[in-house]
Amino acid sequence: MPDEPQPGPDDDFQEMLRKLLSGEGQIDPSQLAGAAGLPNDPAFVANLMSQLQRAAQSGGDGIDFTVTAERAAAIAREGEQPLDPATAQAALQAFQVAALWLDEVTTVAELTSTPSVYTREQWATATAPVWSQIAEPVASSIATALTEAIDQRAPEELKRMLGDVSKAMRGVGGALFAIQLGQVVGQLAKEVVSGGDVGVPLLDEQVAALVPQNVAEFAEGLDVPADEVRIYLAVRELAHARLFRSARWLRLHIISSITEYAKGVHIPFDRVEESLSGIDPTDQEQLRDALASGALIPPRTPEQDAALARLETMLALVEGWVDTVTAAATARLPRSGAIAEMVRRRRAAGGPAESAFATLVGLELRPRRLREAAAMWQRVTDELGAGERDALWAAFDLVPGSDDIDAPEALVARLRDPSQTPEDDAFDRALEDLLNDTTADRPHEDEDGGIEDSGDGPAAGPADGPGDGDPQDGPRH
């Protein structure tokens, strides 16, 4: 008698889905929690199962990101210390000093609301809605692709048993993505020092905040007094918040640019099928890696590359302006240079949570041209003053572009003479390059006013005439 066929991973996976979606309750909750990379906490797992079953039953086009905020807050609470009143008061005093110093170096108006101090949990709760808005297009695409993949693989009898499998799987896929996003936001809450630390406007445009516990941990790596670190970071945060309050269009522009980029992420179902093939659903490590590895995100399209370049330029302009203003405002701090360098290194390297977000959504939020943008803003400040510099944020059409970062001298010339056009700038640069050309193959006058031979070719003798040599050369002058 032939051996009975043994169930494979696909059969196990289908059985797990059937039990989950049909509400039999026989699926092991700790297995699913492990698959999502979550702790096997009974209360949390029970809540997770309730949310997933609710998502499976409701389905629909939308994704419920409530679990993102809940999971982010839970992770942020892990290892969090109670907010010490003295530390909180020191942070608020740092904001007061920062406001006075910023008034001396920028014309951007102060905030109308009082700056705050946040616990890690408060930061996670406050920023989760924006993270969800940014990630929603990718979550929808993954949920759709997962739906199509399962629908293609599931046997007809399983489809009949589950009923509307597409609707159910879309809800479950979106919920699992929302949980993973909560993991990222919660971990970020343990890394950031302020509301604007990531560079994206995650808080309301009127809000500036420090996270004292993270500020203290940041200061531990520096041989700098803690009060200097607090003031420096307060200046940065306040400058960031002031800019977004003053340039009312800026926050919507950046968030819209990110979501438009994310909408370009289209995940074919065969990519999901390829990623899930060969995975044993009882192996928690395999399932967790499949969910968080970023393997589902396809390579960027040329249109996405162009959109990403525009987004990175704007983020670099924002961060470069903040760096320039902060450097001027904190010049009286003895160790401001050391703090600034640590901020630059930290920002360039990013943290584990930022890497996780880039993997999850396929988008890195670190500006690549930050130093060049800061140099451009400094050039404008030196040549034209803070007022002219800050006025460039009044409208989108006035903000410098990538070409201006490359050639700040042309930007300064255009600001001095508004009638100057980009074509004029290009002509001026070409003329300047020609006049400054000192290469050996370019003829130049000798002391008597004649043309001195460069030595690279035969000299023109008396017998040479217009008809001698290449007819395209024409007469020599």
# chains A, B, ... in the order shown; residues from 1 in each chain; ligands from 1
>>> closest_atom_pairs(of="range 178-249 of chain A", to="range 329-344 of chain A", cutoff="12 Å", atoms="only C-alpha atoms", output="Markdown table")
| residue | atom | partner | partner_atom | distance |
| --- | --- | --- | --- | --- |
| A:Val192 | CA | A:Val343 | CA | 11.3 |
| A:Val193 | CA | A:Val343 | CA | 10.5 |
| A:Asp197 | CA | A:Val343 | CA | 9.7 |
| A:Val198 | CA | A:Val343 | CA | 11.4 |
| A:Val215 | CA | A:Val343 | CA | 11.7 |
| A:Phe218 | CA | A:Met342 | CA | 9.1 |
| A:Ala219 | CA | A:Ile339 | CA | 8.8 |
| A:Glu220 | CA | A:Met342 | CA | 11.5 |
| A:Gly221 | CA | A:Met342 | CA | 8.8 |
| A:Leu222 | CA | A:Ile339 | CA | 7.6 |
| A:Asp223 | CA | A:Ala338 | CA | 8.8 |
| A:Val224 | CA | A:Arg335 | CA | 6.6 |
| A:Pro225 | CA | A:Arg335 | CA | 8.7 |
| A:Ala226 | CA | A:Ile339 | CA | 10.9 |
| A:Asp227 | CA | A:Leu333 | CA | 10.2 |
| A:Glu228 | CA | A:Leu333 | CA | 6.8 |
| A:Val229 | CA | A:Ile339 | CA | 6.9 |
| A:Arg230 | CA | A:Ile339 | CA | 10.2 |
| A:Ile231 | CA | A:Thr330 | CA | 8.3 |
| A:Tyr232 | CA | A:Thr330 | CA | 6.5 |
| A:Leu233 | CA | A:Ile339 | CA | 8.8 |
| A:Ala234 | CA | A:Thr330 | CA | 10.4 |
| A:Val235 | CA | A:Ala329 | CA | 7.5 |
| A:Arg236 | CA | A:Ala329 | CA | 9.4 |
| A:Leu238 | CA | A:Ala329 | CA | 11.2 |
| A:Ala239 | CA | A:Ala329 | CA | 9.8 |
>>> write_last_selection(atoms="N, CA, C and O atoms", output="short mmCIF file (atom, residue, chain, number, x, y, z; two decimals), in the first residue's frame")
data_model
loop_
_atom_site.label_atom_id
_atom_site.label_comp_id
_atom_site.auth_asym_id
_atom_site.auth_seq_id
_atom_site.Cartn_x
_atom_site.Cartn_y
_atom_site.Cartn_z
N VAL A 192 14.50 58.52 19.67
CA VAL A 192 14.43 59.94 19.32
C VAL A 192 14.64 60.81 20.55
O VAL A 192 14.32 60.41 21.68
N VAL A 193 15.18 62.02 20.34
CA VAL A 193 15.38 62.95 21.46
C VAL A 193 14.35 64.07 21.44
O VAL A 193 14.21 64.80 22.44
N ASP A 197 13.01 64.97 15.55
CA ASP A 197 14.32 64.33 15.43
C ASP A 197 14.46 63.51 14.16
O ASP A 197 15.55 63.40 13.59
N VAL A 198 13.38 62.94 13.68
CA VAL A 198 13.44 62.11 12.48
C VAL A 198 13.53 62.97 11.22
O VAL A 198 13.93 62.49 10.16
N VAL A 215 17.16 62.17 25.81
CA VAL A 215 18.16 63.24 25.81
C VAL A 215 19.30 62.88 26.76
O VAL A 215 20.49 63.06 26.43
N PHE A 218 21.44 60.27 25.18
CA PHE A 218 22.24 60.87 24.12
C PHE A 218 23.46 61.58 24.71
O PHE A 218 24.58 61.49 24.19
N ALA A 219 23.26 62.27 25.83
CA ALA A 219 24.35 63.04 26.46
C ALA A 219 25.41 62.14 27.06
O ALA A 219 26.56 62.56 27.22
N GLU A 220 25.04 60.90 27.39
CA GLU A 220 26.01 59.98 28.00
C GLU A 220 27.19 59.69 27.08
O GLU A 220 28.29 59.40 27.54
N GLY A 221 26.99 59.79 25.78
CA GLY A 221 28.07 59.52 24.84
C GLY A 221 28.95 60.71 24.56
O GLY A 221 29.84 60.64 23.70
N LEU A 222 28.73 61.81 25.26
CA LEU A 222 29.49 63.04 25.03
C LEU A 222 30.16 63.50 26.31
O LEU A 222 29.62 63.35 27.40
N ASP A 223 31.31 64.08 26.16
CA ASP A 223 32.00 64.70 27.31
C ASP A 223 31.59 66.17 27.37
O ASP A 223 32.41 67.08 27.24
N VAL A 224 30.29 66.38 27.54
CA VAL A 224 29.70 67.72 27.51
C VAL A 224 28.71 67.82 28.66
O VAL A 224 27.97 66.86 28.92
N PRO A 225 28.65 68.95 29.36
CA PRO A 225 27.65 69.11 30.43
C PRO A 225 26.23 68.88 29.92
O PRO A 225 25.89 69.30 28.80
N ALA A 226 25.42 68.26 30.75
CA ALA A 226 24.06 67.90 30.34
C ALA A 226 23.23 69.12 29.98
O ALA A 226 22.40 69.07 29.07
N ASP A 227 23.44 70.24 30.69
CA ASP A 227 22.62 71.42 30.39
C ASP A 227 22.94 71.98 29.01
O ASP A 227 22.06 72.49 28.31
N GLU A 228 24.22 71.88 28.56
CA GLU A 228 24.56 72.34 27.22
C GLU A 228 23.87 71.47 26.17
O GLU A 228 23.38 71.98 25.15
N VAL A 229 23.85 70.16 26.41
CA VAL A 229 23.19 69.26 25.46
C VAL A 229 21.70 69.57 25.38
O VAL A 229 21.12 69.63 24.29
N ARG A 230 21.07 69.79 26.53
CA ARG A 230 19.64 70.10 26.54
C ARG A 230 19.35 71.38 25.76
O ARG A 230 18.39 71.44 24.98
N ILE A 231 20.15 72.42 25.99
CA ILE A 231 19.91 73.69 25.30
C ILE A 231 20.10 73.53 23.79
O ILE A 231 19.29 74.01 22.99
N TYR A 232 21.17 72.84 23.40
CA TYR A 232 21.42 72.65 21.96
C TYR A 232 20.26 71.92 21.30
O TYR A 232 19.76 72.34 20.24
N LEU A 233 19.82 70.81 21.90
CA LEU A 233 18.72 70.04 21.31
C LEU A 233 17.41 70.82 21.35
O LEU A 233 16.57 70.68 20.45
N ALA A 234 17.22 71.65 22.39
CA ALA A 234 16.03 72.49 22.45
C ALA A 234 16.03 73.52 21.32
O ALA A 234 14.98 73.81 20.73
N VAL A 235 17.19 74.08 21.01
CA VAL A 235 17.30 75.04 19.91
C VAL A 235 16.93 74.36 18.59
O VAL A 235 16.16 74.89 17.78
N ARG A 236 17.47 73.18 18.35
CA ARG A 236 17.17 72.44 17.12
C ARG A 236 15.67 72.15 17.00
O ARG A 236 15.06 72.37 15.95
N LEU A 238 13.14 73.61 18.51
CA LEU A 238 12.34 74.83 18.38
C LEU A 238 12.48 75.43 16.99
O LEU A 238 11.50 75.92 16.41
N ALA A 239 13.69 75.39 16.42
CA ALA A 239 13.88 75.89 15.06
C ALA A 239 13.06 75.07 14.07
O ALA A 239 12.41 75.62 13.16
#
>>> residues_around(residues="Glu205 in chain A", least_positions_apart="2", cutoff="6 Å", atoms="only C-alpha atoms", output="ChimeraX atom specification")
/A:207,244-245
>>> write_last_selection(atoms="C-alpha atoms", output="short mmCIF file (atom, residue, chain, number, x, y, z; two decimals), in the first residue's frame")
data_model
loop_
_atom_site.label_atom_id
_atom_site.label_comp_id
_atom_site.auth_asym_id
_atom_site.auth_seq_id
_atom_site.Cartn_x
_atom_site.Cartn_y
_atom_site.Cartn_z
CA VAL A 207 4.20 71.66 18.96
CA PHE A 244 6.86 74.37 9.96
CA ARG A 245 4.58 76.83 11.73
#
>>> closest_residue(among="A:Ala86, A:Ile134, A:Val108, A:Leu100", to="Gly387 in chain A", atoms="only C-alpha atoms")
A:Val108
>>> atom_distance(atom1="CA of Asn214 in chain A", atom2="CA of Lys190 in chain A")
6.7 Å
>>> atom_distance(atom1="CA of Leu317 in chain A", atom2="CA of Val265 in chain A")
25.4 Å
>>> residues_around(residues="Gly401 in chain A", least_positions_apart="3", cutoff="12 Å", atoms="only C-alpha atoms", output="number ranges by chain")
A: 309-318, 369, 372-373, 376-377, 392-393, 396-398, 404-408, 410-411, 422
>>> write_last_selection(atoms="N, CA, C and O atoms", output="mmCIF file, in the first residue's frame")
data_model
loop_
_atom_site.group_PDB
_atom_site.id
_atom_site.type_symbol
_atom_site.label_atom_id
_atom_site.label_comp_id
_atom_site.auth_asym_id
_atom_site.auth_seq_id
_atom_site.Cartn_x
_atom_site.Cartn_y
_atom_site.Cartn_z
ATOM 1 N N ALA A 309 14.078 61.612 -5.163
ATOM 2 C CA ALA A 309 15.091 62.661 -5.266
ATOM 3 C C ALA A 309 14.515 64.017 -4.862
ATOM 4 O O ALA A 309 15.163 64.798 -4.154
ATOM 5 N N ARG A 310 13.279 64.297 -5.297
ATOM 6 C CA ARG A 310 12.640 65.574 -4.923
ATOM 7 C C ARG A 310 12.378 65.629 -3.425
ATOM 8 O O ARG A 310 12.588 66.669 -2.781
ATOM 9 N N LEU A 311 11.929 64.506 -2.863
ATOM 10 C CA LEU A 311 11.655 64.467 -1.426
ATOM 11 C C LEU A 311 12.940 64.645 -0.632
ATOM 12 O O LEU A 311 12.984 65.401 0.353
ATOM 13 N N GLU A 312 14.001 63.968 -1.033
ATOM 14 C CA GLU A 312 15.275 64.086 -0.321
ATOM 15 C C GLU A 312 15.815 65.500 -0.385
ATOM 16 O O GLU A 312 16.403 65.994 0.584
ATOM 17 N N THR A 313 15.615 66.177 -1.521
ATOM 18 C CA THR A 313 16.066 67.571 -1.636
ATOM 19 C C THR A 313 15.331 68.453 -0.645
ATOM 20 O O THR A 313 15.948 69.277 0.050
ATOM 21 N N MET A 314 14.014 68.288 -0.534
ATOM 22 C CA MET A 314 13.251 69.121 0.396
ATOM 23 C C MET A 314 13.631 68.815 1.844
ATOM 24 O O MET A 314 13.784 69.740 2.662
ATOM 25 N N LEU A 315 13.789 67.537 2.179
ATOM 26 C CA LEU A 315 14.203 67.190 3.534
ATOM 27 C C LEU A 315 15.585 67.751 3.842
ATOM 28 O O LEU A 315 15.848 68.222 4.957
ATOM 29 N N ALA A 316 16.489 67.724 2.851
ATOM 30 C CA ALA A 316 17.827 68.286 3.052
ATOM 31 C C ALA A 316 17.767 69.788 3.247
ATOM 32 O O ALA A 316 18.507 70.354 4.062
ATOM 33 N N LEU A 317 16.889 70.467 2.515
ATOM 34 C CA LEU A 317 16.736 71.916 2.676
ATOM 35 C C LEU A 317 16.236 72.257 4.075
ATOM 36 O O LEU A 317 16.718 73.205 4.703
ATOM 37 N N VAL A 318 15.264 71.490 4.561
ATOM 38 C CA VAL A 318 14.740 71.734 5.914
ATOM 39 C C VAL A 318 15.825 71.508 6.957
ATOM 40 O O VAL A 318 16.087 72.366 7.810
ATOM 41 N N ARG A 369 21.828 65.039 1.007
ATOM 42 C CA ARG A 369 22.598 66.210 0.606
ATOM 43 C C ARG A 369 22.575 67.277 1.696
ATOM 44 O O ARG A 369 22.546 68.471 1.419
ATOM 45 N N GLU A 372 25.633 69.866 1.874
ATOM 46 C CA GLU A 372 25.592 70.834 0.777
ATOM 47 C C GLU A 372 24.467 71.851 0.978
ATOM 48 O O GLU A 372 24.640 73.049 0.703
ATOM 49 N N ALA A 373 23.304 71.376 1.451
ATOM 50 C CA ALA A 373 22.192 72.285 1.689
ATOM 51 C C ALA A 373 22.522 73.275 2.803
ATOM 52 O O ALA A 373 22.209 74.473 2.701
ATOM 53 N N MET A 376 24.752 75.921 1.467
ATOM 54 C CA MET A 376 24.010 76.895 0.667
ATOM 55 C C MET A 376 23.305 77.920 1.547
ATOM 56 O O MET A 376 23.372 79.128 1.302
ATOM 57 N N TRP A 377 22.620 77.447 2.600
ATOM 58 C CA TRP A 377 21.935 78.370 3.503
ATOM 59 C C TRP A 377 22.938 79.299 4.188
ATOM 60 O O TRP A 377 22.657 80.487 4.390
ATOM 61 N N LEU A 392 12.692 82.982 1.957
ATOM 62 C CA LEU A 392 12.583 81.989 0.887
ATOM 63 C C LEU A 392 11.609 80.867 1.231
ATOM 64 O O LEU A 392 11.226 80.088 0.353
ATOM 65 N N TRP A 393 11.204 80.759 2.487
ATOM 66 C CA TRP A 393 10.241 79.737 2.889
ATOM 67 C C TRP A 393 8.799 80.224 2.791
ATOM 68 O O TRP A 393 7.873 79.476 3.120
ATOM 69 N N PHE A 396 6.195 77.836 -1.816
ATOM 70 C CA PHE A 396 6.905 76.718 -2.440
ATOM 71 C C PHE A 396 7.752 77.185 -3.625
ATOM 72 O O PHE A 396 8.878 76.715 -3.823
ATOM 73 N N ASP A 397 7.222 78.122 -4.421
ATOM 74 C CA ASP A 397 7.933 78.577 -5.612
ATOM 75 C C ASP A 397 9.212 79.330 -5.286
ATOM 76 O O ASP A 397 10.068 79.507 -6.167
ATOM 77 N N LEU A 398 9.353 79.810 -4.047
ATOM 78 C CA LEU A 398 10.536 80.580 -3.680
ATOM 79 C C LEU A 398 11.658 79.713 -3.125
ATOM 80 O O LEU A 398 12.811 80.145 -3.070
ATOM 81 N N ASP A 404 20.248 74.955 -7.024
ATOM 82 C CA ASP A 404 20.725 76.009 -6.125
ATOM 83 C C ASP A 404 21.671 75.444 -5.068
ATOM 84 O O ASP A 404 22.618 76.114 -4.647
ATOM 85 N N ILE A 405 21.401 74.216 -4.629
ATOM 86 C CA ILE A 405 22.323 73.572 -3.685
ATOM 87 C C ILE A 405 23.679 73.375 -4.342
ATOM 88 O O ILE A 405 24.728 73.549 -3.714
ATOM 89 N N ASP A 406 23.667 73.017 -5.641
ATOM 90 C CA ASP A 406 24.913 72.807 -6.371
ATOM 91 C C ASP A 406 25.665 74.116 -6.618
ATOM 92 O O ASP A 406 26.902 74.118 -6.641
ATOM 93 N N ALA A 407 24.933 75.213 -6.835
ATOM 94 C CA ALA A 407 25.566 76.493 -7.200
ATOM 95 C C ALA A 407 24.973 77.629 -6.368
ATOM 96 O O ALA A 407 24.175 78.426 -6.866
ATOM 97 N N PRO A 408 25.311 77.701 -5.083
ATOM 98 C CA PRO A 408 24.727 78.748 -4.233
ATOM 99 C C PRO A 408 25.081 80.163 -4.688
ATOM 100 O O PRO A 408 24.316 81.103 -4.446
ATOM 101 N N ALA A 410 25.094 81.290 -7.710
ATOM 102 C CA ALA A 410 24.096 81.687 -8.693
ATOM 103 C C ALA A 410 22.785 82.062 -8.004
ATOM 104 O O ALA A 410 22.101 83.007 -8.424
ATOM 105 N N LEU A 411 22.428 81.338 -6.951
ATOM 106 C CA LEU A 411 21.230 81.675 -6.184
ATOM 107 C C LEU A 411 21.362 83.061 -5.569
ATOM 108 O O LEU A 411 20.430 83.878 -5.638
ATOM 109 N N PRO A 422 17.398 81.615 -14.790
ATOM 110 C CA PRO A 422 18.295 80.459 -14.743
ATOM 111 C C PRO A 422 19.201 80.373 -15.969
ATOM 112 O O PRO A 422 20.340 79.921 -15.886
#
>>> atom_distance(atom1="CA of Arg300 in chain A", atom2="CA of Val361 in chain A")
11.6 Å
